[in-house]
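Undergrad: Contents of my_file_35.json (JSON, C-alpha atoms) are given next:
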[["chain", "number", "residue", "atom", "x", "y", "z"],
["A", 7, "MET", "CA", -14.64, -18.16, -2.02],
["A", 8, "GLY", "CA", -12.25, -15.99, -0.02],
["A", 9, "LYS", "CA", -10.10, -13.18, -1.31],
["A", 10, "LEU", "CA", -7.79, -14.30, -4.10],
["A", 11, "ILE", "CA", -4.13, -14.08, -3.09],
["A", 12, "ALA", "CA", -1.29, -14.58, -5.58],
["A", 13, "VAL", "CA", 1.80, -16.11, -3.97],
["A", 14, "VAL", "CA", 4.89, -15.48, -6.10],
["A", 15, "ASP", "CA", 8.16, -17.10, -5.01],
["A", 16, "ASP", "CA", 10.74, -19.23, -6.80],
["A", 17, "GLU", "CA", 10.97, -21.58, -3.81],
["A", 18, "LYS", "CA", 8.22, -24.19, -4.06],
["A", 19, "LYS", "CA", 8.56, -25.09, -0.39],
["A", 20, "ILE", "CA", 7.68, -21.52, 0.60],
["A", 21, "ARG", "CA", 4.79, -21.36, -1.86],
["A", 22, "ASP", "CA", 3.37, -24.62, -0.54],
["A", 23, "LEU", "CA", 3.68, -23.50, 3.10],
["A", 24, "VAL", "CA", 2.08, -20.11, 2.48],
["A", 25, "LYS", "CA", -0.66, -21.57, 0.28],
["A", 26, "SER", "CA", -1.60, -24.20, 2.86],
["A", 27, "TYR", "CA", -1.75, -21.69, 5.71],
["A", 28, "LEU", "CA", -3.70, -19.03, 3.81],
["A", 29, "GLU", "CA", -6.24, -21.54, 2.53],
["A", 30, "ASN", "CA", -6.79, -22.67, 6.11],
["A", 31, "GLU", "CA", -7.40, -19.00, 6.93],
["A", 32, "GLY", "CA", -10.14, -18.81, 4.31],
["A", 33, "PHE", "CA", -8.26, -17.29, 1.38],
["A", 34, "THR", "CA", -8.11, -18.62, -2.18],
["A", 35, "VAL", "CA", -4.54, -18.91, -3.50],
["A", 36, "VAL", "CA", -2.93, -18.97, -6.93],
["A", 37, "GLU", "CA", 0.82, -19.43, -7.43],
["A", 38, "ALA", "CA", 3.66, -18.29, -9.66],
["A", 39, "GLU", "CA", 7.36, -19.14, -9.57],
["A", 40, "ASP", "CA", 8.88, -16.05, -11.17],
["A", 41, "GLY", "CA", 8.22, -12.39, -11.97],
["A", 42, "ALA", "CA", 7.06, -12.97, -15.54],
["A", 43, "ALA", "CA", 4.46, -15.49, -14.38],
["A", 44, "ALA", "CA", 3.35, -13.01, -11.70],
["A", 45, "VAL", "CA", 2.57, -10.39, -14.35],
["A", 46, "GLN", "CA", 0.58, -12.98, -16.30],
["A", 47, "LEU", "CA", -1.42, -13.85, -13.17],
["A", 48, "VAL", "CA", -2.40, -10.23, -12.74],
["A", 49, "GLU", "CA", -3.42, -10.02, -16.40],
["A", 50, "LYS", "CA", -5.56, -13.17, -16.29],
["A", 51, "HIS", "CA", -7.04, -13.27, -12.79],
["A", 52, "ALA", "CA", -8.95, -10.85, -10.57],
["A", 53, "VAL", "CA", -6.28, -10.97, -7.89],
["A", 54, "ASP", "CA", -7.12, -9.17, -4.64],
["A", 55, "LEU", "CA", -3.54, -9.05, -3.32],
["A", 56, "ILE", "CA", -0.14, -10.27, -4.46],
["A", 57, "LEU", "CA", 2.72, -11.55, -2.29],
["A", 58, "LEU", "CA", 5.80, -10.87, -4.39],
["A", 59, "ASP", "CA", 9.27, -12.22, -3.61],
["A", 60, "VAL", "CA", 12.15, -9.88, -4.46],
["A", 61, "MET", "CA", 14.85, -12.37, -5.49],
["A", 62, "MET", "CA", 13.51, -14.39, -8.44],
["A", 63, "PRO", "CA", 14.63, -15.40, -11.93],
["A", 64, "ASN", "CA", 12.94, -14.22, -15.14],
["A", 65, "LEU", "CA", 12.05, -10.77, -13.80],
["A", 66, "ASN", "CA", 12.89, -10.16, -10.16],
["A", 67, "GLY", "CA", 10.27, -8.88, -7.78],
["A", 68, "LEU", "CA", 11.02, -5.19, -8.31],
["A", 69, "GLN", "CA", 10.92, -5.56, -12.10],
["A", 70, "ALA", "CA", 7.65, -7.45, -11.85],
["A", 71, "LEU", "CA", 6.26, -4.77, -9.51],
["A", 72, "ALA", "CA", 7.02, -2.07, -12.09],
["A", 73, "LYS", "CA", 5.04, -3.98, -14.73],
["A", 74, "ILE", "CA", 2.20, -4.73, -12.32],
["A", 75, "ARG", "CA", 1.87, -1.07, -11.43],
["A", 76, "LEU", "CA", 1.45, -0.27, -15.13],
["A", 77, "LEU", "CA", -1.49, -2.68, -15.15],
["A", 78, "SER", "CA", -2.97, -1.59, -11.83],
["A", 79, "GLU", "CA", -2.07, 1.21, -9.43],
["A", 80, "LYS", "CA", -4.57, 0.02, -6.85],
["A", 81, "MET", "CA", -3.74, -3.67, -6.53],
["A", 82, "PRO", "CA", -2.32, -4.32, -3.03],
["A", 83, "VAL", "CA", 1.26, -5.65, -3.14],
["A", 84, "ILE", "CA", 3.31, -7.04, -0.24],
["A", 85, "MET", "CA", 6.98, -7.69, -1.00],
["A", 86, "LEU", "CA", 8.67, -10.78, 0.44],
["A", 87, "THR", "CA", 12.39, -10.36, 0.91],
["A", 88, "ALA", "CA", 15.30, -12.14, 2.54],
["A", 89, "LYS", "CA", 17.29, -8.92, 2.46],
["A", 90, "THR", "CA", 17.68, -6.83, 5.57],
["A", 91, "GLU", "CA", 19.13, -3.67, 4.01],
["A", 92, "GLU", "CA", 16.78, -0.72, 4.50],
["A", 93, "ILE", "CA", 17.50, 0.58, 0.98],
["A", 94, "ASP", "CA", 15.99, -2.54, -0.61],
["A", 95, "LYS", "CA", 12.82, -2.21, 1.42],
["A", 96, "LEU", "CA", 12.44, 1.49, 0.67],
["A", 97, "LEU", "CA", 13.02, 0.91, -3.04],
["A", 98, "GLY", "CA", 10.05, -1.46, -3.12],
["A", 99, "LEU", "CA", 7.88, 1.11, -1.33],
["A", 100, "GLU", "CA", 9.00, 3.85, -3.70],
["A", 101, "MET", "CA", 7.95, 1.69, -6.63],
["A", 102, "GLY", "CA", 4.45, 1.29, -5.23],
["A", 103, "ALA", "CA", 4.49, -1.68, -2.84],
["A", 104, "ASP", "CA", 2.07, -1.33, 0.06],
["A", 105, "ASP", "CA", 4.15, -3.27, 2.55],
["A", 106, "TYR", "CA", 7.09, -5.62, 2.91],
["A", 107, "ILE", "CA", 7.83, -8.54, 5.19],
["A", 108, "THR", "CA", 11.30, -9.96, 5.74],
["A", 109, "LYS", "CA", 12.05, -13.69, 5.61],
["A", 110, "PRO", "CA", 11.85, -15.70, 7.73],
["A", 111, "PHE", "CA", 8.38, -14.61, 8.81],
["A", 112, "SER", "CA", 5.63, -16.20, 10.86],
["A", 113, "MET", "CA", 2.51, -17.30, 9.01],
["A", 114, "ARG", "CA", 0.39, -15.58, 11.63],
["A", 115, "GLU", "CA", 2.11, -12.25, 11.01],
["A", 116, "LEU", "CA", 1.83, -12.68, 7.24],
["A", 117, "ALA", "CA", -1.92, -13.33, 7.47],
["A", 118, "ALA", "CA", -2.32, -10.28, 9.73],
["A", 119, "ARG", "CA", -0.44, -8.10, 7.25],
["A", 120, "ILE", "CA", -2.58, -9.38, 4.37],
["A", 121, "ARG", "CA", -5.81, -8.59, 6.20],
["A", 122, "THR", "CA", -4.60, -5.12, 7.13],
["A", 123, "VAL", "CA", -3.59, -4.24, 3.57],
["A", 124, "LEU", "CA", -6.85, -5.67, 2.21],
["A", 125, "ARG", "CA", -8.85, -3.50, 4.62],
["A", 126, "ARG", "CA", -7.05, -0.43, 3.31],
["A", 127, "SER", "CA", -8.02, -1.34, -0.25],
["A", 128, "THR", "CA", -11.70, -2.15, 0.42],
["A", 129, "PRO", "CA", -14.29, 0.66, 0.43],
["A", 130, "ASP", "CA", -16.21, 1.11, 3.65],
["A", 131, "GLU", "CA", -19.76, -0.14, 3.09],
["A", 132, "LYS", "CA", -20.98, 2.03, 5.99],
["A", 133, "VAL", "CA", -20.13, 5.24, 4.13],
["A", 134, "GLU", "CA", -22.97, 6.82, 2.19],
["A", 135, "GLN", "CA", -22.61, 6.55, -1.58],
["A", 136, "ASP", "CA", -20.87, 9.51, -3.21],
["A", 137, "GLU", "CA", -19.80, 11.03, 0.09],
["A", 138, "TRP", "CA", -17.00, 13.41, -0.83],
["A", 139, "LEU", "CA", -14.31, 15.01, 1.29],
["A", 140, "ARG", "CA", -13.19, 18.29, -0.31],
["A", 141, "ARG", "CA", -10.01, 20.12, 0.57],
["A", 142, "GLY", "CA", -9.02, 22.90, -1.84],
["A", 143, "GLU", "CA", -8.47, 21.31, -5.26],
["A", 144, "ILE", "CA", -8.56, 17.80, -3.79],
["A", 145, "GLU", "CA", -11.74, 15.74, -3.78],
["A", 146, "ILE", "CA", -11.92, 12.34, -2.08],
["A", 147, "ASN", "CA", -14.81, 9.92, -2.53],
["A", 148, "LEU", "CA", -14.99, 8.00, 0.73],
["A", 149, "SER", "CA", -17.30, 5.32, -0.66],
["A", 150, "THR", "CA", -15.37, 4.42, -3.83],
["A", 151, "TYR", "CA", -11.79, 5.03, -2.61],
["A", 152, "GLU", "CA", -11.20, 7.55, -5.39],
["A", 153, "ALA", "CA", -9.39, 10.87, -5.18],
["A", 154, "LYS", "CA", -9.15, 13.71, -7.67],
["A", 155, "VAL", "CA", -7.11, 16.88, -8.07],
["A", 156, "ASN", "CA", -8.66, 19.52, -10.33],
["A", 157, "ASN", "CA", -11.18, 16.85, -11.37],
["A", 158, "GLU", "CA", -8.40, 14.52, -12.58],
["A", 159, "LEU", "CA", -8.49, 11.04, -11.07],
["A", 160, "LEU", "CA", -5.40, 10.08, -9.08],
["A", 161, "ASN", "CA", -3.89, 6.61, -9.32],
["A", 162, "LEU", "CA", -3.22, 5.98, -5.64],
["A", 163, "THR", "CA", -2.15, 2.76, -3.98],
["A", 164, "PRO", "CA", -4.33, 1.67, -1.04],
["A", 165, "THR", "CA", -1.72, 2.93, 1.43],
["A", 166, "GLU", "CA", -1.38, 6.31, -0.30],
["A", 167, "TYR", "CA", -5.16, 6.72, -0.31],
["A", 168, "LYS", "CA", -5.45, 5.93, 3.40],
["A", 169, "ILE", "CA", -2.67, 8.41, 4.28],
["A", 170, "LEU", "CA", -4.39, 11.13, 2.25],
["A", 171, "VAL", "CA", -7.75, 10.51, 3.93],
["A", 172, "THR", "CA", -6.24, 10.37, 7.41],
["A", 173, "LEU", "CA", -4.48, 13.71, 6.96],
["A", 174, "ALA", "CA", -7.26, 15.46, 5.01],
["A", 175, "GLN", "CA", -9.97, 14.56, 7.51],
["A", 176, "LYS", "CA", -8.29, 16.71, 10.16],
["A", 177, "PRO", "CA", -6.52, 19.67, 8.51],
["A", 178, "GLY", "CA", -3.93, 21.28, 10.74],
["A", 179, "ARG", "CA", -3.54, 18.31, 13.04],
["A", 180, "VAL", "CA", 0.06, 17.14, 13.31],
["A", 181, "TYR", "CA", 0.56, 13.38, 13.10],
["A", 182, "SER", "CA", 3.80, 11.84, 14.23],
["A", 183, "ARG", "CA", 5.17, 9.11, 11.99],
["A", 184, "LEU", "CA", 4.17, 6.57, 14.62],
["A", 185, "GLN", "CA", 0.62, 7.93, 14.87],
["A", 186, "LEU", "CA", 0.20, 8.02, 11.11],
["A", 187, "MET", "CA", 1.56, 4.50, 10.71],
["A", 188, "ASN", "CA", -0.73, 3.26, 13.48],
["A", 189, "ASN", "CA", -3.80, 4.95, 11.96],
["A", 190, "VAL", "CA", -3.05, 3.76, 8.44],
["A", 191, "MET", "CA", -1.53, 0.33, 8.98],
["A", 192, "GLY", "CA", -2.22, -0.72, 12.56],
["A", 193, "GLU", "CA", -0.20, -1.43, 15.69],
["A", 194, "ALA", "CA", 1.55, -4.42, 14.12],
["A", 195, "PHE", "CA", 3.53, -1.99, 11.99],
["A", 196, "ILE", "CA", 4.82, 0.37, 14.67],
["A", 197, "ASN", "CA", 8.45, -0.69, 14.15],
["A", 198, "TYR", "CA", 8.23, 0.36, 10.49],
["A", 199, "GLU", "CA", 7.23, 4.01, 10.97],
["A", 200, "ARG", "CA", 10.15, 5.39, 8.94],
["A", 201, "SER", "CA", 8.70, 3.73, 5.85],
["A", 202, "ILE", "CA", 5.79, 6.19, 6.09],
["A", 203, "ASP", "CA", 8.18, 8.83, 4.68],
["A", 204, "THR", "CA", 8.42, 6.90, 1.42],
["A", 205, "HIS", "CA", 4.66, 6.54, 1.12],
["A", 206, "VAL", "CA", 4.20, 10.27, 1.80],
["A", 207, "SER", "CA", 6.85, 11.14, -0.80],
["A", 208, "ASN", "CA", 5.04, 9.00, -3.38],
["A", 209, "LEU", "CA", 1.71, 10.60, -2.45],
["A", 210, "ARG", "CA", 3.09, 14.12, -2.84],
["A", 211, "LYS", "CA", 4.28, 13.35, -6.36],
["A", 212, "LYS", "CA", 0.68, 12.54, -7.29],
["A", 213, "VAL", "CA", -1.15, 15.23, -5.32],
["A", 214, "GLU", "CA", 1.10, 18.29, -5.36],
["A", 215, "LYS", "CA", 1.90, 20.56, -8.31],
["A", 216, "ASP", "CA", 5.39, 21.00, -6.85],
["A", 217, "PRO", "CA", 6.23, 18.18, -4.42],
["A", 218, "ALA", "CA", 9.27, 20.08, -3.17],
["A", 219, "HIS", "CA", 6.99, 22.95, -2.10],
["A", 220, "PRO", "CA", 3.73, 21.25, -1.14],
["A", 221, "ASN", "CA", 0.43, 23.05, -0.77],
["A", 222, "TYR", "CA", -1.28, 20.26, 1.13],
["A", 223, "ILE", "CA", 0.95, 17.65, 2.76],
["A", 224, "HIS", "CA", 3.44, 19.45, 4.96],
["A", 225, "THR", "CA", 6.37, 18.06, 6.92],
["A", 226, "VAL", "CA", 6.59, 19.09, 10.56],
["A", 227, "TYR", "CA", 10.29, 18.62, 11.07],
["A", 228, "GLY", "CA", 11.28, 16.31, 13.86],
["A", 229, "ILE", "CA", 7.67, 15.19, 14.36],
["A", 230, "GLY", "CA", 5.73, 14.07, 11.29],
["A", 231, "TYR", "CA", 3.13, 15.48, 8.91],
["A", 232, "ARG", "CA", 0.04, 17.65, 8.74],
["A", 233, "PHE", "CA", -2.51, 18.60, 6.07],
["A", 234, "GLY", "CA", -2.97, 22.29, 5.34],
["A", 235, "ASP", "CA", -4.80, 23.23, 2.16],
["A", 236, "LYS", "CA", -4.17, 26.69, 0.72],
["A", 237, "LYS", "CA", -7.46, 28.06, -0.60]]
Using structure tokens, write down the structure that the file contains.
TA:
Amino acid sequence: MGKLIAVVDDEKKIRDLVKSYLENEGFTVVEAEDGAAAVQLVEKHAVDLILLDVMMPNLNGLQALAKIRLLSEKMPVIMLTAKTEEIDKLLGLEMGADDYITKPFSMRELAARIRTVLRRSTPDEKVEQDEWLRRGEIEINLSTYEAKVNNELLNLTPTEYKILVTLAQKPGRVYSRLQLMNNVMGEAFINYERSIDTHVSNLRKKVEKDPAHPNYIHTVYGIGYRFGDKK
């Protein structure tokens, strides 16, 4: 069986179309028609990724996302939205979504996005077990996709984890938003580089003692970000 994808949308026609395409691509698909049913799916099934529509009855997508994040910080979530306003997209990212895709979308692009997000959430089998990357008070296990600060486990989304690893592996190197987005999410996402700011902001809240005055993840104004641990 392929990775289990939950498709959550109140429009049956969309669910049927997405389900048919993804199954042809080798995925296994379960469906839900509203936010409440989406939360139940996550509780009952070992879902690998959830496609979550924003505009739905009985818990909209953002409300459902909030509940899902209480159940699992690490589950990959892609928001489906017909809205074009940037604020709606950023709100989903701030609440812990890994990506968003705006309707109407191509099935090929959707499948590519799913595979990219799944890769970010799957440990690299080539990495030696218990290989740790240590930067100041931060410890990152590259084989289990876990990160700790002062020995306390961080609840990072797959995107947040990948950003942290990318920056921490090369302290002092300045990454532009475009470079960071490309390294973390791939070339298909290069038109979405401003959304990296939201992911970095979320990451700082979990990593830094004082996110407004970070010790590790620094903004290089007009360019992007760099990692600089203070020992």
Undergrad: Which protein, DNA or RNA residues have an atom at most 12 Å from (0.6, -21.0, 2.4), counting all atoms listed in the file? List them as an MDAnalysis selection string.
TA: chainID A and resid 11:15 18:37 57 111:114 116:117
Undergrad: Report as a tab-separated table: every residue of stretch 164-193 of chain A with an atom at most 12 Å from stretch 138-152 of chain A, its closest pair of atoms, and their distance in Å to one decimal, counting all atoms listed in the file, with rows sorted by chain and ascending residue number.
TA:
residue	atom	partner	partner_atom	distance
A:Pro164	CA	A:Tyr151	CA	8.3
A:Thr165	CA	A:Tyr151	CA	11.1
A:Glu166	CA	A:Tyr151	CA	10.7
A:Tyr167	CA	A:Tyr151	CA	7.2
A:Lys168	CA	A:Tyr151	CA	8.8
A:Ile169	CA	A:Ile146	CA	11.9
A:Leu170	CA	A:Ile146	CA	8.8
A:Val171	CA	A:Ile146	CA	7.5
A:Thr172	CA	A:Leu139	CA	11.1
A:Leu173	CA	A:Arg141	CA	10.6
A:Ala174	CA	A:Arg141	CA	7.0
A:Gln175	CA	A:Leu139	CA	7.6
A:Lys176	CA	A:Arg141	CA	10.3
A:Pro177	CA	A:Arg141	CA	8.7
A:Gly178	CA	A:Arg141	CA	11.9
Undergrad: Which residue gives the smallest distance to A:Gln69 among A:Asn188, A:Asp54, A:Asp104, A:Gly98, with all atoms listed in the file counted?
TA: A:Gly98
Undergrad: Return the single residue from A:Asn221, A:Val123, A:Leu160, A:Gly230 that is closest to A:Leu184, with distances computed using all atoms listed in the file.
TA: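 Once distances to A:Leu184 are computed over all atoms listed in the file, the minimum belongs to A:Gly230.
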Undergrad: Draw an axis-aligned box over all listed atoms of stretch 223-231 of chain A, pad each side with 4 Å, and write its centre and edge lengths in Å, one decimal, as JSON.
TA:
{"center_x": 6.1, "center_y": 16.8, "center_z": 8.6, "size_x": 18.3, "size_y": 13.4, "size_z": 19.6}
Undergrad: What lies within 10 Å of A:Gly102 using all atoms listed in the file, ignoring chain neighbours under 3 positions off, as a PyMOL selection string?
TA: chain A and resi 68+71-72+74-75+79-84+96-99+105+162-166+204-205+208
Undergrad: Between A:Pro110, A:Leu77, A:Glu17, A:Pro217, which residue has the minimum interatomic distance to A:Gln46, considering only C-alpha atoms?
TA: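 Answer, going by the shortest atom-to-atom distance: A:Leu77.
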Undergrad: Please report the interatomic distance between atom CA of A:Thr87 and atom CA of A:Leu55 in Å with one decimal.
TA: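 Atom-to-atom, atom CA of A:Thr87 and atom CA of A:Leu55 are spaced 16.5 Å apart.
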Undergrad: When distances are computed from all atoms listed in the file, which of A:Arg210, A:Pro220, A:Arg232, A:Asn156 shows the smallest separation from A:Arg183?
TA: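 Of the candidates, the smallest distance to A:Arg183 is held by A:Arg232.
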Undergrad: In Å, rounded to a single decimal, give me how far atom CA of A:Asp16 is from atom CA of A:Ala42.
TA: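 Atom CA of A:Asp16 lies at a distance of 11.4 Å from atom CA of A:Ala42.
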Undergrad: By how many Å are atom CA of A:Val60 and atom CA of A:Leu124 apart?
TA: 20.6 Å
Undergrad: Measuring between all atoms listed in the file, which one of A:Ala153, A:Gly234, A:Lys9, A:Ser201 shows the shortest distance to A:Glu137?
TA: A:Ala153
Undergrad: Pick the closest to A:Lys211 from A:Glu100, A:Arg119, A:Ala43, A:Met61: which is it, counting all atoms listed in the file?
TA: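 Closest to A:Lys211, using all atoms listed in the file: A:Glu100.
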Undergrad: Working from the structure I just supplied, which lacks atoms in stretch 221-237 of chain A, can you model N, CA, C and O atoms there and output them as a CSV table (one decimal), in the coordinates of the input?
TA:
chain,number,residue,atom,x,y,z
A,221,ASN,N,1.5,22.2,-1.2
A,221,ASN,CA,0.4,23.0,-0.8
A,221,ASN,C,-0.4,22.3,0.3
A,221,ASN,O,-1.1,23.0,1.1
A,222,TYR,N,-0.4,21.0,0.3
A,222,TYR,CA,-1.3,20.3,1.1
A,222,TYR,C,-0.6,19.4,2.2
A,222,TYR,O,-0.9,19.5,3.4
A,223,ILE,N,0.3,18.6,1.8
A,223,ILE,CA,1.0,17.6,2.8
A,223,ILE,C,2.3,18.2,3.2
A,223,ILE,O,3.3,18.2,2.5
A,224,HIS,N,2.3,18.7,4.4
A,224,HIS,CA,3.4,19.4,5.0
A,224,HIS,C,4.2,18.6,6.0
A,224,HIS,O,3.6,17.9,6.8
A,225,THR,N,5.5,18.7,5.9
A,225,THR,CA,6.4,18.1,6.9
A,225,THR,C,6.5,19.0,8.1
A,225,THR,O,6.8,20.2,8.0
A,226,VAL,N,6.3,18.4,9.3
A,226,VAL,CA,6.6,19.1,10.6
A,226,VAL,C,7.9,18.5,11.1
A,226,VAL,O,7.9,17.4,11.6
A,227,TYR,N,9.0,19.2,10.9
A,227,TYR,CA,10.3,18.6,11.1
A,227,TYR,C,10.5,18.1,12.5
A,227,TYR,O,10.2,18.8,13.5
A,228,GLY,N,11.0,16.9,12.6
A,228,GLY,CA,11.3,16.3,13.9
A,228,GLY,C,10.1,15.6,14.5
A,228,GLY,O,10.2,15.0,15.5
A,229,ILE,N,8.9,15.8,13.8
A,229,ILE,CA,7.7,15.2,14.4
A,229,ILE,C,7.0,14.3,13.3
A,229,ILE,O,6.9,13.1,13.5
A,230,GLY,N,6.5,14.9,12.2
A,230,GLY,CA,5.7,14.1,11.3
A,230,GLY,C,5.1,14.9,10.2
A,230,GLY,O,5.8,15.7,9.5
A,231,TYR,N,3.8,14.8,10.0
A,231,TYR,CA,3.1,15.5,8.9
A,231,TYR,C,1.8,16.1,9.3
A,231,TYR,O,1.2,15.7,10.3
A,232,ARG,N,1.4,17.1,8.6
A,232,ARG,CA,0.0,17.6,8.7
A,232,ARG,C,-0.5,18.0,7.4
A,232,ARG,O,0.2,18.2,6.4
A,233,PHE,N,-1.8,18.2,7.3
A,233,PHE,CA,-2.5,18.6,6.1
A,233,PHE,C,-2.9,20.0,6.2
A,233,PHE,O,-3.6,20.4,7.2
A,234,GLY,N,-2.6,20.9,5.3
A,234,GLY,CA,-3.0,22.3,5.3
A,234,GLY,C,-3.2,22.8,4.0
A,234,GLY,O,-2.3,23.2,3.3
A,235,ASP,N,-4.5,22.8,3.5
A,235,ASP,CA,-4.8,23.2,2.2
A,235,ASP,C,-4.8,24.8,2.1
A,235,ASP,O,-5.2,25.5,3.0
A,236,LYS,N,-4.2,25.3,1.0
A,236,LYS,CA,-4.2,26.7,0.7
A,236,LYS,C,-5.3,27.0,-0.2
A,236,LYS,O,-5.3,26.7,-1.4
A,237,LYS,N,-6.3,27.7,0.2
A,237,LYS,CA,-7.5,28.1,-0.6
A,237,LYS,C,-7.3,29.4,-1.2
A,237,LYS,O,-6.7,30.3,-0.6
